[in-house]
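Asks: Handing over final37.txt, compact mmCIF, C-alpha atoms.
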# COMPACT_ATOMS: atom_id res chain seq x y z
CA MET A 1 0.00 0.00 0.00
CA THR A 2 1.24 3.42 -0.84
CA ASN A 3 1.40 6.17 1.69
CA ALA A 4 -0.87 8.26 -0.46
CA ARG A 5 -3.69 5.70 -0.36
CA THR A 6 -3.33 5.16 3.41
CA ALA A 7 -3.37 8.86 3.95
CA LYS A 8 -6.44 9.22 1.72
CA THR A 9 -8.35 6.47 3.57
CA ALA A 10 -7.41 8.01 6.90
CA ARG A 11 -8.62 11.42 5.73
CA GLU A 12 -11.86 9.91 4.49
CA LYS A 13 -12.39 8.10 7.79
CA ALA A 14 -11.68 11.31 9.72
CA ALA A 15 -14.10 13.25 7.53
CA GLN A 16 -16.71 10.54 8.09
CA MET A 17 -16.26 10.74 11.87
CA ARG A 18 -16.51 14.51 11.82
CA ALA A 19 -19.69 14.28 9.76
CA ASP A 20 -21.20 11.82 12.25
CA VAL A 21 -20.34 14.00 15.22
CA GLU A 22 -21.76 17.03 13.46
CA ARG A 23 -24.94 15.15 12.57
CA LYS A 24 -25.42 14.08 16.18
CA ALA A 25 -24.81 17.62 17.42
CA ALA A 26 -27.23 18.94 14.82
CA ARG A 27 -29.92 16.52 15.95
CA LYS A 28 -29.39 17.51 19.55
CA ARG A 29 -29.57 21.20 18.59
CA ALA A 30 -32.79 20.66 16.69
CA LEU A 31 -34.36 18.84 19.62
CA VAL A 32 -33.39 21.47 22.17
CA ALA A 33 -34.45 24.23 19.79
CA GLY A 34 -37.82 22.63 19.31
CA ILE A 35 -38.36 22.27 23.04
CA LEU A 36 -37.24 25.84 23.59
CA VAL A 37 -39.63 27.24 21.01
CA LEU A 38 -42.50 25.33 22.62
CA VAL A 39 -41.50 26.58 26.07
CA VAL A 40 -41.39 30.22 24.94
CA ILE A 41 -44.75 29.92 23.18
CA ALA A 42 -46.22 28.31 26.28
CA LEU A 43 -44.77 31.05 28.48
CA ALA A 44 -46.09 33.83 26.27
CA ALA A 45 -49.53 32.28 25.98
CA GLY A 46 -49.55 31.41 29.67
CA SER A 47 -48.68 34.95 30.63
CA VAL A 48 -51.52 36.34 28.52
CA ILE A 49 -53.98 33.98 30.16
CA ALA A 50 -52.57 34.52 33.64
CA ILE A 51 -52.61 38.30 33.39
CA ARG A 52 -56.15 38.28 32.04
CA SER A 53 -57.42 36.04 34.82
CA LEU A 54 -55.57 37.92 37.54
CA GLN A 55 -57.04 41.21 36.46
CA SER A 56 -59.69 42.24 38.89
CA LYS A 57 -63.19 41.62 37.66
CA ALA A 58 -64.33 44.40 39.99
CA THR A 59 -64.53 47.52 37.90
CA ALA A 60 -67.33 49.25 39.76
CA ALA A 61 -67.36 52.96 39.12
CA PRO A 62 -68.11 55.49 41.85
CA ALA A 63 -71.59 56.93 41.96
CA ASN A 64 -72.39 60.45 40.71
CA LEU A 65 -70.46 60.24 37.48
CA VAL A 66 -71.75 62.16 34.48
CA ASP A 67 -70.75 60.73 31.08
CA GLY A 68 -68.30 58.56 33.00
CA GLY A 69 -66.48 61.56 34.48
CA ILE A 70 -66.90 64.26 37.09
CA LEU A 71 -69.15 67.16 36.19
CA ALA A 72 -68.53 70.83 36.81
CA GLY A 73 -70.49 73.67 35.25
CA ASN A 74 -73.74 73.24 33.35
CA ALA A 75 -74.88 69.67 32.64
CA SER A 76 -77.21 70.74 29.81
CA SER A 77 -74.79 72.89 27.89
CA THR A 78 -74.01 71.86 24.32
CA THR A 79 -70.40 72.98 24.73
CA THR A 80 -68.46 70.22 26.46
CA LEU A 81 -64.91 70.54 27.71
CA GLU A 82 -63.29 67.29 28.88
CA ILE A 83 -60.06 67.24 30.83
CA TYR A 84 -58.01 64.07 31.26
CA GLU A 85 -55.46 64.39 34.04
CA ASP A 86 -53.26 62.28 36.27
CA PHE A 87 -52.43 63.55 39.77
CA GLN A 88 -48.81 62.41 39.46
CA CYS A 89 -48.35 64.18 36.13
CA PRO A 90 -46.16 67.31 36.25
CA ALA A 91 -47.52 68.51 32.91
CA CYS A 92 -51.03 68.36 34.38
CA GLN A 93 -49.88 70.45 37.32
CA SER A 94 -48.57 73.02 34.82
CA PHE A 95 -51.85 72.89 32.95
CA GLU A 96 -53.76 73.46 36.16
CA ASN A 97 -51.52 76.39 37.08
CA SER A 98 -51.95 78.04 33.68
CA ASN A 99 -55.56 77.25 32.92
CA GLY A 100 -57.20 76.49 36.27
CA ALA A 101 -58.61 79.97 36.85
CA LEU A 102 -60.07 80.14 33.34
CA ILE A 103 -61.73 76.74 33.69
CA ASP A 104 -63.19 77.73 37.05
CA GLU A 105 -64.70 80.82 35.43
CA TYR A 106 -66.36 78.68 32.81
CA ALA A 107 -67.67 76.32 35.51
CA LYS A 108 -69.18 79.20 37.47
CA GLY A 109 -70.42 80.98 34.34
CA GLY A 110 -72.96 78.21 33.73
CA LYS A 111 -72.51 78.07 29.96
CA VAL A 112 -69.98 75.25 29.64
CA LYS A 113 -70.27 71.57 30.58
CA ILE A 114 -66.95 70.52 32.06
CA ILE A 115 -66.18 66.83 32.51
CA TYR A 116 -63.06 66.00 34.49
CA ARG A 117 -61.64 62.59 33.61
CA PRO A 118 -58.82 61.75 36.03
CA VAL A 119 -56.83 58.67 35.02
CA SER A 120 -53.99 56.59 36.45
CA ILE A 121 -51.21 56.08 33.93
CA LEU A 122 -48.16 57.05 35.98
CA ASP A 123 -47.84 54.30 38.59
CA TRP A 124 -44.47 53.50 37.05
CA ALA A 125 -43.31 57.02 38.09
CA SER A 126 -44.01 56.31 41.73
CA THR A 127 -42.71 53.79 44.22
CA THR A 128 -46.16 53.26 45.76
CA GLN A 129 -48.63 53.40 42.84
CA TYR A 130 -49.45 56.97 43.79
CA SER A 131 -51.51 57.59 40.64
CA THR A 132 -53.83 54.71 41.43
CA ARG A 133 -54.02 55.45 45.18
CA SER A 134 -54.81 59.12 44.67
CA LEU A 135 -57.39 58.42 41.98
CA ASN A 136 -58.96 55.71 44.11
CA MET A 137 -59.29 58.23 46.95
CA VAL A 138 -60.83 60.77 44.59
CA ALA A 139 -63.29 58.15 43.35
CA ALA A 140 -64.28 57.45 46.95
CA VAL A 141 -64.87 61.18 47.51
CA VAL A 142 -66.89 61.56 44.30
CA ASN A 143 -68.96 58.55 45.33
CA SER A 144 -70.39 60.65 48.18
CA THR A 145 -69.51 64.29 47.46
CA PRO A 146 -68.93 64.99 43.76
CA SER A 147 -69.07 68.76 44.30
CA ALA A 148 -65.82 68.43 46.24
CA TYR A 149 -63.86 67.53 43.10
CA PRO A 150 -62.67 70.98 41.93
CA ALA A 151 -61.23 71.91 45.32
CA LEU A 152 -59.83 68.43 45.83
CA HIS A 153 -58.10 68.28 42.47
CA LYS A 154 -56.54 71.70 43.12
CA ALA A 155 -55.28 70.48 46.48
CA LEU A 156 -53.82 67.36 44.91
CA PHE A 157 -51.94 69.36 42.30
CA ALA A 158 -50.79 71.87 44.92
CA ASN A 159 -49.34 68.94 46.89
CA GLN A 160 -48.13 66.93 43.94
CA PRO A 161 -45.16 64.74 44.83
CA PRO A 162 -42.13 64.67 42.53
CA GLU A 163 -41.95 61.70 40.17
CA ASN A 164 -40.19 58.54 41.34
CA THR A 165 -40.91 59.18 45.01
CA ALA A 166 -43.30 57.55 47.43
CA GLY A 167 -45.84 60.31 47.02
CA LEU A 168 -48.45 61.29 49.58
CA THR A 169 -49.24 58.60 52.13
CA ASP A 170 -52.72 57.14 52.46
CA ALA A 171 -53.10 59.13 55.68
CA GLN A 172 -52.26 62.37 53.89
CA LEU A 173 -54.65 61.51 51.04
CA LEU A 174 -57.37 60.77 53.59
CA ASP A 175 -56.79 64.20 55.19
CA LEU A 176 -57.30 65.88 51.84
CA ALA A 177 -60.50 63.92 51.33
CA VAL A 178 -61.85 64.93 54.74
CA GLN A 179 -60.87 68.58 54.18
CA ALA A 180 -62.85 68.45 50.95
CA GLY A 181 -65.93 67.46 52.93
CA ALA A 182 -66.11 63.71 52.28
CA PRO A 183 -67.11 61.21 55.00
CA LYS A 184 -63.94 59.86 56.63
CA ASP A 185 -65.00 56.27 57.34
CA ALA A 186 -66.32 55.56 53.87
CA VAL A 187 -63.27 57.02 52.15
CA GLU A 188 -60.89 55.27 54.55
CA LYS A 189 -62.47 51.91 53.80
CA ALA A 190 -62.43 52.48 50.03
CA MET A 191 -58.76 53.41 50.26
CA LYS A 192 -57.88 50.37 52.32
CA ASP A 193 -59.74 48.05 49.93
CA LEU A 194 -58.67 49.93 46.80
CA THR A 195 -62.34 49.61 45.87
CA TYR A 196 -62.06 51.63 42.68
CA LYS A 197 -58.76 50.22 41.41
CA GLY A 198 -60.48 48.35 38.59
CA TRP A 199 -62.27 51.54 37.58
CA THR A 200 -58.97 53.47 37.51
CA LYS A 201 -57.63 50.95 35.00
CA THR A 202 -60.78 51.09 32.89
CA VAL A 203 -60.75 54.86 32.53
CA SER A 204 -57.02 54.87 31.79
CA ASN A 205 -57.47 52.28 29.06
CA ASP A 206 -60.43 54.24 27.70
CA LEU A 207 -58.22 57.32 27.28
CA SER A 208 -55.57 55.23 25.54
CA LYS A 209 -58.15 53.86 23.10
CA ARG A 210 -60.00 57.11 22.53
CA PHE A 211 -56.96 59.37 22.06
CA PRO A 212 -53.80 57.35 21.49
CA PRO A 213 -51.16 57.66 22.93
CA GLY A 214 -53.30 58.38 25.95
CA ALA A 215 -51.00 60.92 27.54
CA THR A 216 -51.99 63.56 30.05
CA PRO A 217 -53.18 66.23 30.09
CA THR A 218 -55.55 65.64 27.20
CA VAL A 219 -58.04 68.45 26.65
CA VAL A 220 -61.08 67.76 24.49
CA LEU A 221 -63.60 70.35 23.26
CA ASN A 222 -66.83 68.99 21.80
CA GLY A 223 -65.10 65.70 21.01
CA THR A 224 -62.03 67.18 19.36
CA LYS A 225 -58.69 67.06 21.10
CA LEU A 226 -57.04 70.46 21.59
CA ASP A 227 -53.29 70.61 21.07
CA ASN A 228 -51.58 71.57 24.37
CA PRO A 229 -53.65 74.72 24.79
CA GLY A 230 -52.44 77.63 26.88
CA PRO A 231 -55.05 79.95 28.39
CA GLU A 232 -55.33 82.13 25.27
CA GLN A 233 -55.88 79.19 22.92
CA LEU A 234 -58.27 77.55 25.36
CA LYS A 235 -60.32 80.73 25.77
CA ALA A 236 -60.40 81.32 22.03
CA ALA A 237 -61.52 77.76 21.33
CA VAL A 238 -64.21 77.63 24.03
CA ASP A 239 -65.58 81.09 23.23
CA LYS A 240 -65.77 80.15 19.55
CA ALA A 241 -67.69 76.98 20.45
CA LEU A 242 -70.05 78.96 22.69
CA ALA A 243 -70.70 81.50 19.92
CA GLY A 244 -71.08 78.81 17.24
CA MET B 1 -9.75 38.82 12.65
CA THR B 2 -6.83 40.61 14.18
CA PRO B 3 -4.78 38.61 16.66
CA PHE B 4 -6.23 40.74 19.46
CA LEU B 5 -9.84 39.98 18.43
CA THR B 6 -9.06 36.30 17.89
CA ARG B 7 -7.59 35.98 21.34
CA TRP B 8 -10.27 37.94 23.13
CA GLN B 9 -13.28 36.93 21.05
CA PRO B 10 -14.84 34.59 23.63
CA TRP B 11 -14.62 37.27 26.32
CA LEU B 12 -15.97 39.97 24.03
CA SER B 13 -18.84 37.72 22.99
CA THR B 14 -19.66 36.94 26.58
CA ALA B 15 -19.53 40.60 27.54
CA GLY B 16 -21.75 41.41 24.57
CA ARG B 17 -24.35 38.82 25.36
CA LEU B 18 -24.47 39.78 29.05
CA PHE B 19 -24.89 43.41 28.01
CA LEU B 20 -27.80 42.50 25.73
CA ALA B 21 -29.34 40.39 28.49
CA GLY B 22 -29.10 43.36 30.84
CA VAL B 23 -30.84 45.59 28.31
CA PHE B 24 -33.77 43.19 28.00
CA VAL B 25 -34.03 42.67 31.76
CA LEU B 26 -34.16 46.42 32.35
CA ALA B 27 -36.69 46.78 29.53
CA GLY B 28 -38.78 43.72 30.22
CA TRP B 29 -39.10 43.69 34.00
CA PRO B 30 -40.96 47.02 34.45
CA LYS B 31 -43.18 46.06 31.52
CA LEU B 32 -44.04 42.81 33.26
CA LEU B 33 -45.00 44.68 36.43
CA ASP B 34 -47.37 47.04 34.59
CA PRO B 35 -49.19 45.01 31.93
CA ASP B 36 -51.90 47.61 31.34
CA GLY B 37 -49.29 50.30 30.90
CA THR B 38 -47.40 48.14 28.42
CA VAL B 39 -50.58 47.56 26.41
CA ARG B 40 -51.20 51.33 26.35
CA SER B 41 -47.64 51.87 25.11
CA VAL B 42 -48.11 49.36 22.30
CA ARG B 43 -51.41 51.00 21.37
CA ALA B 44 -49.71 54.41 21.27
CA PHE B 45 -47.71 53.40 18.19
CA GLN B 46 -50.97 52.80 16.31
CA ILE B 47 -49.45 50.10 14.12
CA LEU B 48 -51.08 46.87 15.25
CA PRO B 49 -54.84 46.30 14.98
CA GLU B 50 -56.56 46.78 18.33
CA ALA B 51 -57.54 43.09 18.45
CA VAL B 52 -53.92 41.97 18.88
CA VAL B 53 -52.64 44.94 20.90
CA PRO B 54 -53.42 43.44 24.33
CA ALA B 55 -51.96 40.00 23.54
CA PHE B 56 -48.85 41.60 22.09
CA GLY B 57 -48.49 43.89 25.09
CA TYR B 58 -48.84 41.04 27.58
CA ALA B 59 -46.48 38.72 25.70
CA LEU B 60 -43.76 41.26 24.89
CA PRO B 61 -42.08 41.42 28.33
CA VAL B 62 -42.18 37.63 28.64
CA VAL B 63 -40.38 37.23 25.32
CA GLU B 64 -37.83 39.90 26.27
CA LEU B 65 -37.08 38.18 29.57
CA ALA B 66 -36.91 34.75 27.93
CA ILE B 67 -34.32 36.02 25.44
CA ALA B 68 -32.45 37.64 28.33
CA VAL B 69 -32.29 34.31 30.18
CA LEU B 70 -30.96 32.53 27.09
CA LEU B 71 -28.29 35.18 26.66
CA VAL B 72 -27.22 35.05 30.29
CA ILE B 73 -26.69 31.29 30.30
CA GLY B 74 -25.42 31.25 26.74
CA LEU B 75 -27.94 28.77 25.42
CA PHE B 76 -28.66 29.07 21.69
CA THR B 77 -26.67 32.27 21.83
CA ARG B 78 -26.70 32.87 18.07
CA ALA B 79 -30.48 32.38 17.84
CA ALA B 80 -31.14 34.52 20.89
CA ALA B 81 -28.89 37.28 19.57
CA LEU B 82 -30.65 37.14 16.22
CA ALA B 83 -34.02 37.28 17.96
CA PHE B 84 -32.77 40.32 19.89
CA ALA B 85 -31.64 41.89 16.62
CA GLY B 86 -35.01 41.15 15.05
CA MET B 87 -36.80 42.88 17.90
CA MET B 88 -34.53 45.90 17.55
CA VAL B 89 -35.52 46.10 13.88
CA MET B 90 -39.17 45.89 14.96
CA PHE B 91 -38.76 48.75 17.46
CA LEU B 92 -36.82 50.84 14.93
CA VAL B 93 -39.61 50.43 12.38
CA GLY B 94 -42.18 51.39 15.02
CA ILE B 95 -40.31 54.54 16.07
CA ALA B 96 -39.61 55.56 12.47
CA ALA B 97 -43.27 55.07 11.56
CA ALA B 98 -44.43 57.15 14.52
CA TRP B 99 -41.98 59.90 13.56
CA ALA B 100 -42.99 59.83 9.91
CA ARG B 101 -46.67 60.07 10.79
CA GLY B 102 -46.10 62.97 13.17
CA LEU B 103 -47.22 61.06 16.24
CA SER B 104 -46.12 62.52 19.52
CA ILE B 105 -45.17 59.72 21.85
CA ASP B 106 -42.38 58.74 24.13
CA CYS B 107 -41.00 55.42 23.02
CA GLY B 108 -42.11 53.68 26.18
CA CYS B 109 -39.39 51.12 25.55
CA PHE B 110 -38.17 51.22 29.12
CA GLY B 111 -41.44 51.59 30.93
CA ASN B 112 -44.25 53.87 30.00
CA THR B 113 -44.78 57.55 30.12
CA GLY B 114 -47.77 59.78 30.49
CA ALA B 115 -46.36 63.23 30.04
CA THR B 116 -47.29 64.94 26.82
CA VAL B 117 -44.12 65.35 24.82
CA VAL B 118 -43.99 68.75 23.22
CA ASP B 119 -41.34 67.95 20.61
CA PRO B 120 -40.92 64.22 20.24
CA VAL B 121 -38.17 64.36 17.61
CA PRO B 122 -35.13 64.55 19.90
CA GLY B 123 -36.52 61.55 21.76
CA TYR B 124 -37.03 59.67 18.50
CA VAL B 125 -33.47 60.39 17.38
CA LYS B 126 -32.06 59.30 20.72
CA ASP B 127 -34.09 56.09 20.74
CA ILE B 128 -33.21 55.23 17.15
CA LEU B 129 -29.49 55.75 17.75
CA ARG B 130 -29.64 53.71 20.93
CA ASP B 131 -31.49 50.83 19.25
CA LEU B 132 -29.07 50.88 16.31
CA GLY B 133 -26.25 50.51 18.82
CA TYR B 134 -27.97 47.54 20.45
CA LEU B 135 -28.60 46.06 17.00
CA ALA B 136 -24.90 46.28 16.18
CA VAL B 137 -23.95 44.48 19.41
CA ALA B 138 -26.58 41.80 18.77
CA LEU B 139 -25.31 41.15 15.24
CA ALA B 140 -21.74 40.97 16.54
CA VAL B 141 -22.72 38.40 19.16
CA ALA B 142 -24.71 36.45 16.56
CA GLY B 143 -21.68 36.43 14.29
CA ARG B 144 -19.35 35.10 16.96
CA PRO B 145 -21.58 33.46 19.55
CA ARG B 146 -18.92 31.37 21.27
CA GLY B 147 -18.21 32.72 24.72
CA VAL B 148 -16.65 31.79 27.98
CA LEU B 149 -18.54 29.19 29.98
CA ASP B 150 -21.78 29.10 28.05
CA ALA B 151 -24.44 26.43 27.98
CA ASP B 152 -24.02 25.85 24.24
CA ARG B 153 -20.48 24.64 24.81
CA LEU B 154 -21.31 22.63 27.93
CA LEU B 155 -24.18 20.85 26.26
CA GLY B 156 -22.26 20.23 23.07
CA LEU B 157 -24.69 22.32 21.11
CA ALA B 158 -22.26 24.77 19.59
CA PRO B 159 -22.12 24.61 15.82
CA ALA B 160 -18.72 23.67 14.40
CA ASP B 161 -16.31 26.47 15.14
CA PRO B 162 -14.67 27.83 11.95
CA ARG B 163 -11.38 28.04 13.86
CA ASP B 164 -11.31 24.23 14.18
CA ALA B 165 -11.15 23.98 10.37
CA ASP B 166 -7.86 25.90 10.51
CA VAL B 167 -6.51 23.37 13.01
CA GLU B 168 -7.55 20.45 10.77
CA HIS B 169 -5.87 21.97 7.73
CA ALA B 170 -2.70 22.44 9.70
CA ALA B 171 -2.80 18.80 10.89
CA SER B 172 -3.40 17.13 7.48
Just give me the structure as C-alpha cells.
Replies:
Amino acid sequence: MTNARTAKTAREKAAQMRADVERKAARKRALVAGILVLVVIALAAGSVIAIRSLQSKATAAPANLVDGGILAGNASSTTTLEIYEDFQCPACQSFENSNGALIDEYAKGGKVKIIYRPVSILDWASTTQYSTRSLNMVAAVVNSTPSAYPALHKALFANQPPENTAGLTDAQLLDLAVQAGAPKDAVEKAMKDLTYKGWTKTVSNDLSKRFPPGATPTVVLNGTKLDNPGPEQLKAAVDKALAG
Amino acid sequence: MTPFLTRWQPWLSTAGRLFLAGVFVLAGWPKLLDPDGTVRSVRAFQILPEAVVPAFGYALPVVELAIAVLLVIGLFTRAAALAFAGMMVMFLVGIAAAWARGLSIDCGCFGNTGATVVDPVPGYVKDILRDLGYLAVALAVAGRPRGVLDADRLLGLAPADPRDADVEHAAS
C-alpha cells in the first residue's frame, strides 16, 4: 500500500467521523431548539392567560359620574370641555396652574359643561402606585360628594409629589378627602380596599383607546382634542364653540 | 480577525451577550409589572390592529425576559442574539413610523410615560441611535456566539467552530 492511499483512507475516515459528530450535534440542537420554542410559546400564551385572569373583575365605578367623568359647570350645555389628568403628572400640574382659573370661570359661568376625567397612567413614576391610590381616593370622595372635586383636584396638584418618590401617604390623602368634605369612614375603607382600582384601569385604558397615545393632560372640546392649549388658545376655542 | 480579536473573542462575545441580556431585563421587567401600561404603550404606536394589541403587550415582556435568560446562560446564543436583533428592527420600524406620521409619543421602551411630549423628535433620534447601537452588538454576538462558559459549549450544542477547520488543515 502506498502512503498516499493510506493517507487518503485516513482522511476519508476522519471526515466521516466529523460528519457523524456534526450530525449528532445537529440533531441535539434541533431537539433542544424545538423544546425551547415550545417553552417560549407556552410562556407567552400562559402569561396572557394569567394576566387576564388575575385582572380584577371588579370595575365598579363610583356613583355620581356624568358621562363617566366628574361634572362641573352646566350639565345641559351643548359645549363640552373634557379634561383628562393624572395627579402624578407634572404637565397636568402646569396645565392646572396656567388654565385652572379660566376653567373655574367657565364652571361658574354656567354656559360650559366641564367633565373631568382623572386617570392613572403614571404608577411606574411612583414607588407606591401613587396615581392609582390618589385616583382611588378621589373616586371614593366623588362617590359621596362629587361637588368636592374641583377643590380636591386643586389640592392634589398643589401637593403633587415629585416623580419617582413615594408620594403622599394614604393618611395624607385621607386628610385631603376629609378637608374636601367627604365622610372619613367611607373614604378610609375604600382606600384600604382599593375599591375603585379596577375603575382606575378602565378609565385609563379608555383614554388610551380614545386618544392614542393616551397621555396627560388631554383636553377635548366637543369631542375634538385640543393641542396643548395655553389659556389664550383655550379661551379662544371655548368662546368660539359657545358662539357657534 | 486581528490577533487581538481572535484571542479575546470569547470574552468579548460573553460581555456582549451579558450586556444584551441586561438591556432586556431592564426593559422587560418594568413592563411585566405594569401590563396595562405596556398595552397602552403598544397602542400608542398605532401600528397593530386593536384586536392583537393586548396580547402583544402582555407577551412582549415575557419574550424579552426569555431572550435575556438565554443570553445570560449562553444557550442558543446565536439564535437569541438574532431574535434580539429582530426585535430591535421591529422597534426601529415602530419609532420611524411614529416619527414619519407625526405622532407625539415617548418610546415607552423602558417603561411607560404619560407626560405629553412637546417635541418628540429629539426623543425619537435618541431612541433610534440607541437601538441601532444595540442592534450592532446583537449582530456581533450572533456572528461570533462562542463565549466563555456558556451552555451551548457545555451541552455540546455549539455549531462547528470555523477556527477548528484551521486546526484540521494544519494537521493534514
Asks: Near Glu85 in chain A, within 7 Å and counting all atoms listed in the file, which residues show up once chain neighbours fewer than 6 positions away are dropped, as a list in words?
Replies: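 So, after excluding close chain neighbours, the residues are Cys92, Arg117, Pro118, Val119, Thr216, Pro217 and Thr218 of chain A.
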Asks: Can I get the selection written as a CSV table (one decimal), in the coordinates of the input, with C-alpha atoms?
Replies:
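See selection08.csv below for the written result:
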chain,number,residue,atom,x,y,z
A,92,CYS,CA,-51.0,68.4,34.4
A,117,ARG,CA,-61.6,62.6,33.6
A,118,PRO,CA,-58.8,61.8,36.0
A,119,VAL,CA,-56.8,58.7,35.0
A,216,THR,CA,-52.0,63.6,30.0
A,217,PRO,CA,-53.2,66.2,30.1
A,218,THR,CA,-55.6,65.6,27.2
Asks: Pick the closest to Gly198 in chain A from A:Gly100, A:Val112, A:Thr132, A:Glu22: which is it, counting all atoms listed in the file?
Replies: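 Of the candidates, the smallest distance to Gly198 in chain A is held by A:Thr132.
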Asks: Interatomic distance between CA of His153 in chain A and CA of Ile105 in chain B?
Replies: 25.8 Å
Asks: From the options B:Ala100, B:Leu157, B:Leu65, B:Val39, which residue's atoms come nearest to chain A, counting all atoms listed in the file?
Replies: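 Comparing B:Ala100, B:Leu157, B:Leu65, B:Val39 against chain A, the winner is B:Leu157.
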Asks: For Thr128 in chain A, which residue among A:Ile114, A:Ala166, A:Lys13, A:Ser77 is the nearest when counting only C-alpha atoms?
Replies: A:Ala166
Asks: With distances taken over only C-alpha atoms, which of A:Asn205, A:Thr78, A:Gln93, A:Gln160 is nearest to chain B?
Replies: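 Closest to chain B, using only C-alpha atoms: A:Asn205.
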Asks: Would you kindly report the residues of chain A within 8 Å of chain B, using all atoms listed in the file, as a PyMOL selection string?
Replies: chain A and resi 11+22+25-26+28-29+33+40+43-45+47-48+51+89-91+121-122+124+201+205+208-209+212-217
Asks: May I have the residues within 9 Å of Ala190 in chain A as a VMD selection string, using only C-alpha atoms and disregarding those fewer than 5 positions away in the same chain?
Replies: chain A and resid 136 to 137 139 to 140 185 195 to 196
Asks: Report, in Å to a single decimal, how far apart CA of Leu20 in chain B and CA of Leu82 in chain B are.
Replies: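 A separation of 11.3 Å between them.
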Asks: Name the closest residue to Leu48 in chain B among the candidates B:Ala80, B:Met90, B:Leu18, B:Leu5; distances are taken between atoms, counting only C-alpha atoms.
Replies: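 Closest to Leu48 in chain B, using only C-alpha atoms: B:Met90.
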Asks: What does the distance from CA of Val39 in chain A to CA of Ser53 in chain A come to in Å, to one decimal?
Replies: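 Between these atoms lies a distance of 20.5 Å.
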Asks: If we count all atoms listed in the file and set the cut-off at 10 Å, which residues sit around Pro62 in chain A, ignoring sequence neighbours fewer than 2 positions away in its own chain? Please answer as a list in words.
Replies: Thr59, Ala60, Asn64, Leu65, Gly68, Gly69, Asn136, Val138, Ala139, Ala140, Val141, Val142, Asn143, Ser144, Pro146, Thr195, Tyr196 and Trp199 of chain A
Asks: Using all atoms listed in the file, pick whichever of A:Val219, A:Glu105, A:Ser134, A:Thr224 has the shortest atom-to-atom distance to Met191 in chain A.
Replies: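 That would be A:Ser134, the residue with the smallest distance to Met191 in chain A.
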